[in-house]
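Notes to accompany the following structure.
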There are 2 protein chains.
Amino acid sequence: MINMAVIIVAGGSGTRMGSDIPKQFLLLGNKPVLMHTIEVFKQYDTQMKIILVLPKYQIDYWTKLCIKYNFNVDIEIACGGETRFQSVKNGLALAKEFDVIGIHDGVRPLVSVSTIARCFEKAALDYTAVPVIDPIDSLRQLEGDESKALTRAKIKMVQTPQVFQASIIFKAYNQSYNNFFTDDASVVESIGYKINLVKGNVENIKITSPIDLKIAEFYICNT
Amino acid sequence: MINMAVIIVAGGSGTRMGSDIPKQFLLLGNKPVLMHTIEVFKQYDTQMKIILVLPKYQIDYWTKLCIKYNFNVDIEIACGGETRFQSVKNGLALAKEFDVIGIHDGVRPLVSVSTIARCFEKAALDYTAVPVIDPIDSLRQLEGDESKALTRAKIKMVQTPQVFQASIIFKAYNQSYNNFFTDDASVVESIGYKINLVKGNVENIKITSPIDLKIAEFYICNT
């Protein structure tokens, strides 16, 4: 039997409580974004270990939300670090006995069960898997003062969960931080592993603005 | 005085009437998408020449919509071709006496007046301008059976209008079609011109699905 865990990252120093509620706690339909996110992983596999990475000052608030919404999913909580890289490291520290480990953005509540399945199944067989979709817009790459068109058919937009066999992800996160790292795949790739791409789902957007929350509500109401 | 024209492309063989209403005719707020698109260009400059490229079989329907919605903007219509490339060529055939020519997707009704201004002003001074925004997701480029992470900070997502001085755009569209062409900038670039990038606006989405129409409605109602 393969033991699976997912590290759901809702941390990092970028998220400040201030007067605004952090995106992961905003109400989407009948409950906060983060509860939707967690539930999809449990729908895929009720045995999935959930490790939630939250900034330390948000943990109390989260606990209160769980009581308010009667949210009883068994979760282990890690404290967020100064960077996303450090937050993932802190999550990994709680995932040592697992075989296949996913890393997912807390603010992607619309990941589908089938996207999760494709990622975990591919990684279990072949070390790595990240979900991708096709871009709609044309893309250009900056080169000094100029830019050049990229061949759109060769470009993929990367979502999460990004899933890896344990030996690989622990080794990758043993490196020092490099500002080239934009996601976990780039961290793993930098130690020489091939990244397998699987099909994501277009609804699996990252909620980073009020309009994204409206889009998510639309999907929740229409699926 | 600089004479400006915009070719608004809502053609191409990909758009079939069938039982569904083509996206450019769907109702957004109180009128069809395409009417919003046209009006933004007129807001930027009431003298802007509007050349609308429509599949031949849709022209009658469009004329009826203009009567129904009392839409009296002065427009010249060109027939769409088999490909987007041919549609733009057909539009250009009606733009011969203009100095600076923009090409815009009919299904981008949320382009802002300031995006249009930035594009036309930059192209008037320096030959070319396309509006771009930063990607949210990480991106990967396929290379044979593998893929590699792109440096996200160096990638831009390209919108429209893409604006060019007349001499350049006519020369560019005098070439044969190449399937590397994904937008007008790539056509112009292929004859050796540098493409200037200006700031687009995030709301300037391309309406290609029902959810995109919902997003557009949200923006229309909240701005």
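Each chain in the structure tokens gets a letter, A, B and so on, in the order shown; residues start at 1 in every chain, and ligands are counted from 1 in the order they appear.
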Please return, as an MDAnalysis selection string, all residues of chain B lying within 9 Å of chain A when only C-alpha atoms are considered.
chainID B and resid 132 136:143 146:159 180:183 185:186 189 194:197 205:206 208 211:212 214:215 218:219
Applying 10 Å and only C-alpha atoms, which residues near Asp74 of chain A remain after dropping the ones on its own chain fewer than 6 positions away? List them as a PyMOL selection string.
chain A and resi 42+47-51
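Secondary structure by DSSP on the backbone puts the following residues of segment 90-143 of chain A in alpha helix (DSSP H): Asn90, Gly91, Leu92, Val113, Ser114, Thr115, Ile116, Ala117, Arg118, Cys119, Phe120, Glu121, Lys122, Ala123, Ala124, Leu125 and Asp126 of chain A.
Nearest residue to Leu54 of chain A, choosing from A:Asn72, A:Ile7, A:His36, A:Leu26 and counting only C-alpha atoms: A:Ile7.
Look at segment 98-100 of chain B: the protein and nucleic acid residues within 6 Å of it, using only C-alpha atoms and passing over chain neighbours fewer than 6 places away, are Asn3, Met4, Phe164, Gln165 and Ala166 of chain B.
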Please identify all polymer residues within 12 Å of Cys119 of chain B, counting only C-alpha atoms, omitting same-chain residues fewer than 2 positions from it, and present them as a PDB file with N, CA, C and O atoms, in the first residue's frame.
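Saved as part_24.pdb:
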ATOM      1  N   MET B   4      -6.071  56.827 -37.697  1.00  0.00           N
ATOM      2  CA  MET B   4      -6.028  55.521 -37.027  1.00  0.00           C
ATOM      3  C   MET B   4      -7.217  54.651 -37.422  1.00  0.00           C
ATOM      4  O   MET B   4      -8.343  55.145 -37.578  1.00  0.00           O
ATOM      5  N   VAL B   6      -8.912  50.521 -36.593  1.00  0.00           N
ATOM      6  CA  VAL B   6      -8.798  49.238 -35.899  1.00  0.00           C
ATOM      7  C   VAL B   6      -9.589  48.187 -36.665  1.00  0.00           C
ATOM      8  O   VAL B   6     -10.719  48.439 -37.108  1.00  0.00           O
ATOM      9  N   PHE B  41     -13.258  51.492 -28.447  1.00  0.00           N
ATOM     10  CA  PHE B  41     -12.378  52.174 -29.415  1.00  0.00           C
ATOM     11  C   PHE B  41     -12.907  53.559 -29.762  1.00  0.00           C
ATOM     12  O   PHE B  41     -12.136  54.504 -29.921  1.00  0.00           O
ATOM     13  N   TYR B  44     -12.053  55.939 -27.026  1.00  0.00           N
ATOM     14  CA  TYR B  44     -10.667  56.405 -27.110  1.00  0.00           C
ATOM     15  C   TYR B  44     -10.569  57.531 -28.137  1.00  0.00           C
ATOM     16  O   TYR B  44      -9.949  58.559 -27.899  1.00  0.00           O
ATOM     17  N   VAL B 100      -1.810  54.330 -38.774  1.00  0.00           N
ATOM     18  CA  VAL B 100      -1.543  53.419 -37.660  1.00  0.00           C
ATOM     19  C   VAL B 100      -2.763  52.508 -37.532  1.00  0.00           C
ATOM     20  O   VAL B 100      -3.904  52.980 -37.465  1.00  0.00           O
ATOM     21  N   ILE B 101      -2.499  51.199 -37.532  1.00  0.00           N
ATOM     22  CA  ILE B 101      -3.595  50.234 -37.620  1.00  0.00           C
ATOM     23  C   ILE B 101      -3.511  49.243 -36.468  1.00  0.00           C
ATOM     24  O   ILE B 101      -2.469  48.615 -36.249  1.00  0.00           O
ATOM     25  N   GLY B 102      -4.604  49.124 -35.749  1.00  0.00           N
ATOM     26  CA  GLY B 102      -4.689  48.148 -34.676  1.00  0.00           C
ATOM     27  C   GLY B 102      -5.459  46.924 -35.137  1.00  0.00           C
ATOM     28  O   GLY B 102      -6.304  47.012 -36.039  1.00  0.00           O
ATOM     29  N   ILE B 103      -5.157  45.799 -34.538  1.00  0.00           N
ATOM     30  CA  ILE B 103      -5.918  44.573 -34.810  1.00  0.00           C
ATOM     31  C   ILE B 103      -6.354  44.033 -33.456  1.00  0.00           C
ATOM     32  O   ILE B 103      -5.532  43.864 -32.542  1.00  0.00           O
ATOM     33  N   HIS B 104      -7.652  43.795 -33.317  1.00  0.00           N
ATOM     34  CA  HIS B 104      -8.203  43.481 -31.995  1.00  0.00           C
ATOM     35  C   HIS B 104      -9.172  42.310 -32.098  1.00  0.00           C
ATOM     36  O   HIS B 104      -9.909  42.177 -33.070  1.00  0.00           O
ATOM     37  N   VAL B 111     -11.222  45.511 -22.990  1.00  0.00           N
ATOM     38  CA  VAL B 111     -10.006  46.317 -23.167  1.00  0.00           C
ATOM     39  C   VAL B 111     -10.302  47.716 -22.636  1.00  0.00           C
ATOM     40  O   VAL B 111     -11.394  48.245 -22.828  1.00  0.00           O
ATOM     41  N   SER B 112      -9.340  48.292 -21.931  1.00  0.00           N
ATOM     42  CA  SER B 112      -9.589  49.627 -21.374  1.00  0.00           C
ATOM     43  C   SER B 112      -9.174  50.702 -22.374  1.00  0.00           C
ATOM     44  O   SER B 112      -8.328  50.464 -23.249  1.00  0.00           O
ATOM     45  N   VAL B 113      -9.769  51.867 -22.218  1.00  0.00           N
ATOM     46  CA  VAL B 113      -9.392  53.004 -23.066  1.00  0.00           C
ATOM     47  C   VAL B 113      -7.897  53.290 -22.894  1.00  0.00           C
ATOM     48  O   VAL B 113      -7.194  53.586 -23.863  1.00  0.00           O
ATOM     49  N   SER B 114      -7.399  53.144 -21.674  1.00  0.00           N
ATOM     50  CA  SER B 114      -5.979  53.462 -21.475  1.00  0.00           C
ATOM     51  C   SER B 114      -5.066  52.421 -22.123  1.00  0.00           C
ATOM     52  O   SER B 114      -3.984  52.763 -22.611  1.00  0.00           O
ATOM     53  N   THR B 115      -5.481  51.159 -22.159  1.00  0.00           N
ATOM     54  CA  THR B 115      -4.687  50.163 -22.903  1.00  0.00           C
ATOM     55  C   THR B 115      -4.648  50.539 -24.387  1.00  0.00           C
ATOM     56  O   THR B 115      -3.585  50.522 -25.022  1.00  0.00           O
ATOM     57  N   ILE B 116      -5.800  50.881 -24.939  1.00  0.00           N
ATOM     58  CA  ILE B 116      -5.856  51.287 -26.354  1.00  0.00           C
ATOM     59  C   ILE B 116      -4.940  52.492 -26.585  1.00  0.00           C
ATOM     60  O   ILE B 116      -4.158  52.527 -27.547  1.00  0.00           O
ATOM     61  N   ALA B 117      -5.007  53.458 -25.672  1.00  0.00           N
ATOM     62  CA  ALA B 117      -4.181  54.667 -25.808  1.00  0.00           C
ATOM     63  C   ALA B 117      -2.696  54.311 -25.802  1.00  0.00           C
ATOM     64  O   ALA B 117      -1.923  54.775 -26.657  1.00  0.00           O
ATOM     65  N   GLU B 121      -0.448  55.039 -29.110  1.00  0.00           N
ATOM     66  CA  GLU B 121       0.568  56.091 -28.942  1.00  0.00           C
ATOM     67  C   GLU B 121       1.987  55.546 -29.118  1.00  0.00           C
ATOM     68  O   GLU B 121       2.822  56.170 -29.759  1.00  0.00           O
ATOM     69  N   LYS B 122       2.232  54.366 -28.565  1.00  0.00           N
ATOM     70  CA  LYS B 122       3.570  53.778 -28.709  1.00  0.00           C
ATOM     71  C   LYS B 122       3.837  53.409 -30.177  1.00  0.00           C
ATOM     72  O   LYS B 122       4.933  53.679 -30.702  1.00  0.00           O
ATOM     73  N   ALA B 123       2.849  52.819 -30.843  1.00  0.00           N
ATOM     74  CA  ALA B 123       3.060  52.415 -32.242  1.00  0.00           C
ATOM     75  C   ALA B 123       3.247  53.645 -33.138  1.00  0.00           C
ATOM     76  O   ALA B 123       4.044  53.618 -34.083  1.00  0.00           O
ATOM     77  N   ALA B 124       2.521  54.722 -32.835  1.00  0.00           N
ATOM     78  CA  ALA B 124       2.662  55.945 -33.642  1.00  0.00           C
ATOM     79  C   ALA B 124       4.091  56.477 -33.554  1.00  0.00           C
ATOM     80  O   ALA B 124       4.651  56.985 -34.530  1.00  0.00           O
ATOM     81  N   LEU B 125       4.703  56.336 -32.385  1.00  0.00           N
ATOM     82  CA  LEU B 125       6.074  56.826 -32.175  1.00  0.00           C
ATOM     83  C   LEU B 125       7.137  55.842 -32.635  1.00  0.00           C
ATOM     84  O   LEU B 125       8.204  56.229 -33.092  1.00  0.00           O
ATOM     85  N   ASP B 126       6.855  54.542 -32.457  1.00  0.00           N
ATOM     86  CA  ASP B 126       7.935  53.555 -32.598  1.00  0.00           C
ATOM     87  C   ASP B 126       7.468  52.265 -33.300  1.00  0.00           C
ATOM     88  O   ASP B 126       7.849  51.169 -32.903  1.00  0.00           O
ATOM     89  N   TYR B 127       6.606  52.406 -34.280  1.00  0.00           N
ATOM     90  CA  TYR B 127       6.252  51.332 -35.220  1.00  0.00           C
ATOM     91  C   TYR B 127       5.301  50.236 -34.722  1.00  0.00           C
ATOM     92  O   TYR B 127       4.374  49.861 -35.434  1.00  0.00           O
ATOM     93  N   THR B 128       5.565  49.693 -33.525  1.00  0.00           N
ATOM     94  CA  THR B 128       4.780  48.532 -33.090  1.00  0.00           C
ATOM     95  C   THR B 128       4.429  48.663 -31.608  1.00  0.00           C
ATOM     96  O   THR B 128       5.162  49.301 -30.855  1.00  0.00           O
ATOM     97  N   ALA B 129       3.322  48.074 -31.192  1.00  0.00           N
ATOM     98  CA  ALA B 129       3.004  47.983 -29.751  1.00  0.00           C
ATOM     99  C   ALA B 129       1.968  46.899 -29.517  1.00  0.00           C
ATOM    100  O   ALA B 129       0.960  46.833 -30.226  1.00  0.00           O
ATOM    101  N   VAL B 130       2.245  46.058 -28.528  1.00  0.00           N
ATOM    102  CA  VAL B 130       1.235  45.073 -28.111  1.00  0.00           C
ATOM    103  C   VAL B 130       1.107  45.141 -26.587  1.00  0.00           C
ATOM    104  O   VAL B 130       2.093  45.354 -25.885  1.00  0.00           O
ATOM    105  N   PRO B 131      -0.126  44.966 -26.080  1.00  0.00           N
ATOM    106  CA  PRO B 131      -0.335  45.031 -24.629  1.00  0.00           C
ATOM    107  C   PRO B 131      -0.074  43.669 -23.985  1.00  0.00           C
ATOM    108  O   PRO B 131      -0.474  42.635 -24.524  1.00  0.00           O
ATOM    109  N   VAL B 132       0.591  43.706 -22.840  1.00  0.00           N
ATOM    110  CA  VAL B 132       0.917  42.450 -22.152  1.00  0.00           C
ATOM    111  C   VAL B 132       0.620  42.558 -20.658  1.00  0.00           C
ATOM    112  O   VAL B 132       0.606  43.648 -20.087  1.00  0.00           O
ATOM    113  N   GLN B 159      -2.094  40.360 -25.145  1.00  0.00           N
ATOM    114  CA  GLN B 159      -3.498  40.662 -25.423  1.00  0.00           C
ATOM    115  C   GLN B 159      -3.602  41.372 -26.781  1.00  0.00           C
ATOM    116  O   GLN B 159      -2.658  41.379 -27.562  1.00  0.00           O
ATOM    117  N   THR B 160      -4.719  41.974 -27.015  1.00  0.00           N
ATOM    118  CA  THR B 160      -4.894  42.877 -28.151  1.00  0.00           C
ATOM    119  C   THR B 160      -5.548  44.148 -27.612  1.00  0.00           C
ATOM    120  O   THR B 160      -6.091  44.115 -26.506  1.00  0.00           O
ATOM    121  N   PRO B 161      -5.492  45.298 -28.308  1.00  0.00           N
ATOM    122  CA  PRO B 161      -5.115  45.455 -29.723  1.00  0.00           C
ATOM    123  C   PRO B 161      -3.605  45.412 -29.928  1.00  0.00           C
ATOM    124  O   PRO B 161      -2.844  45.914 -29.110  1.00  0.00           O
ATOM    125  N   GLN B 162      -3.204  44.812 -31.051  1.00  0.00           N
ATOM    126  CA  GLN B 162      -1.809  44.840 -31.457  1.00  0.00           C
ATOM    127  C   GLN B 162      -1.752  45.887 -32.566  1.00  0.00           C
ATOM    128  O   GLN B 162      -2.491  45.803 -33.544  1.00  0.00           O
ATOM    129  N   VAL B 163      -0.893  46.871 -32.367  1.00  0.00           N
ATOM    130  CA  VAL B 163      -0.960  48.071 -33.208  1.00  0.00           C
ATOM    131  C   VAL B 163       0.362  48.289 -33.935  1.00  0.00           C
ATOM    132  O   VAL B 163       1.440  48.096 -33.358  1.00  0.00           O
ATOM    133  N   PHE B 164       0.250  48.690 -35.207  1.00  0.00           N
ATOM    134  CA  PHE B 164       1.430  48.794 -36.072  1.00  0.00           C
ATOM    135  C   PHE B 164       1.294  49.982 -37.016  1.00  0.00           C
ATOM    136  O   PHE B 164       0.181  50.347 -37.413  1.00  0.00           O
ATOM    137  N   GLN B 165       2.432  50.531 -37.389  1.00  0.00           N
ATOM    138  CA  GLN B 165       2.385  51.529 -38.459  1.00  0.00           C
ATOM    139  C   GLN B 165       2.042  50.798 -39.762  1.00  0.00           C
ATOM    140  O   GLN B 165       2.411  49.629 -39.963  1.00  0.00           O
ATOM    141  N   ILE B 195       9.113  44.061 -31.540  1.00  0.00           N
ATOM    142  CA  ILE B 195       7.761  44.280 -31.012  1.00  0.00           C
ATOM    143  C   ILE B 195       7.876  45.018 -29.678  1.00  0.00           C
ATOM    144  O   ILE B 195       8.485  44.509 -28.738  1.00  0.00           O
ATOM    145  N   ASN B 196       7.294  46.200 -29.594  1.00  0.00           N
ATOM    146  CA  ASN B 196       7.278  46.930 -28.323  1.00  0.00           C
ATOM    147  C   ASN B 196       6.141  46.439 -27.446  1.00  0.00           C
ATOM    148  O   ASN B 196       5.024  46.231 -27.926  1.00  0.00           O
ATOM    149  N   LEU B 197       6.445  46.260 -26.172  1.00  0.00           N
ATOM    150  CA  LEU B 197       5.427  45.808 -25.224  1.00  0.00           C
ATOM    151  C   LEU B 197       4.955  46.981 -24.382  1.00  0.00           C
ATOM    152  O   LEU B 197       5.779  47.752 -23.883  1.00  0.00           O
ATOM    153  N   VAL B 198       3.650  47.116 -24.230  1.00  0.00           N
ATOM    154  CA  VAL B 198       3.096  48.131 -23.324  1.00  0.00           C
ATOM    155  C   VAL B 198       2.169  47.413 -22.339  1.00  0.00           C
ATOM    156  O   VAL B 198       1.841  46.236 -22.524  1.00  0.00           O
ATOM    157  N   LYS B 199       1.771  48.132 -21.310  1.00  0.00           N
ATOM    158  CA  LYS B 199       0.961  47.528 -20.251  1.00  0.00           C
ATOM    159  C   LYS B 199      -0.476  47.295 -20.750  1.00  0.00           C
ATOM    160  O   LYS B 199      -1.105  48.214 -21.266  1.00  0.00           O
ATOM    161  N   GLY B 200      -0.959  46.086 -20.597  1.00  0.00           N
ATOM    162  CA  GLY B 200      -2.361  45.808 -20.911  1.00  0.00           C
ATOM    163  C   GLY B 200      -3.218  46.022 -19.667  1.00  0.00           C
ATOM    164  O   GLY B 200      -2.809  46.696 -18.727  1.00  0.00           O
ATOM    165  N   ASN B 201      -4.411  45.465 -19.638  1.00  0.00           N
ATOM    166  CA  ASN B 201      -5.225  45.498 -18.409  1.00  0.00           C
ATOM    167  C   ASN B 201      -5.775  44.108 -18.149  1.00  0.00           C
ATOM    168  O   ASN B 201      -6.220  43.413 -19.078  1.00  0.00           O
TER     169      ASN B 201
END
Looking only at the backbone, which of the residues in segment 63-158 of chain B does DSSP tag as strand (DSSP E), as a ChimeraX atom specification?
/B:75-79,100-105,128-133,138-143,146-149,155-158
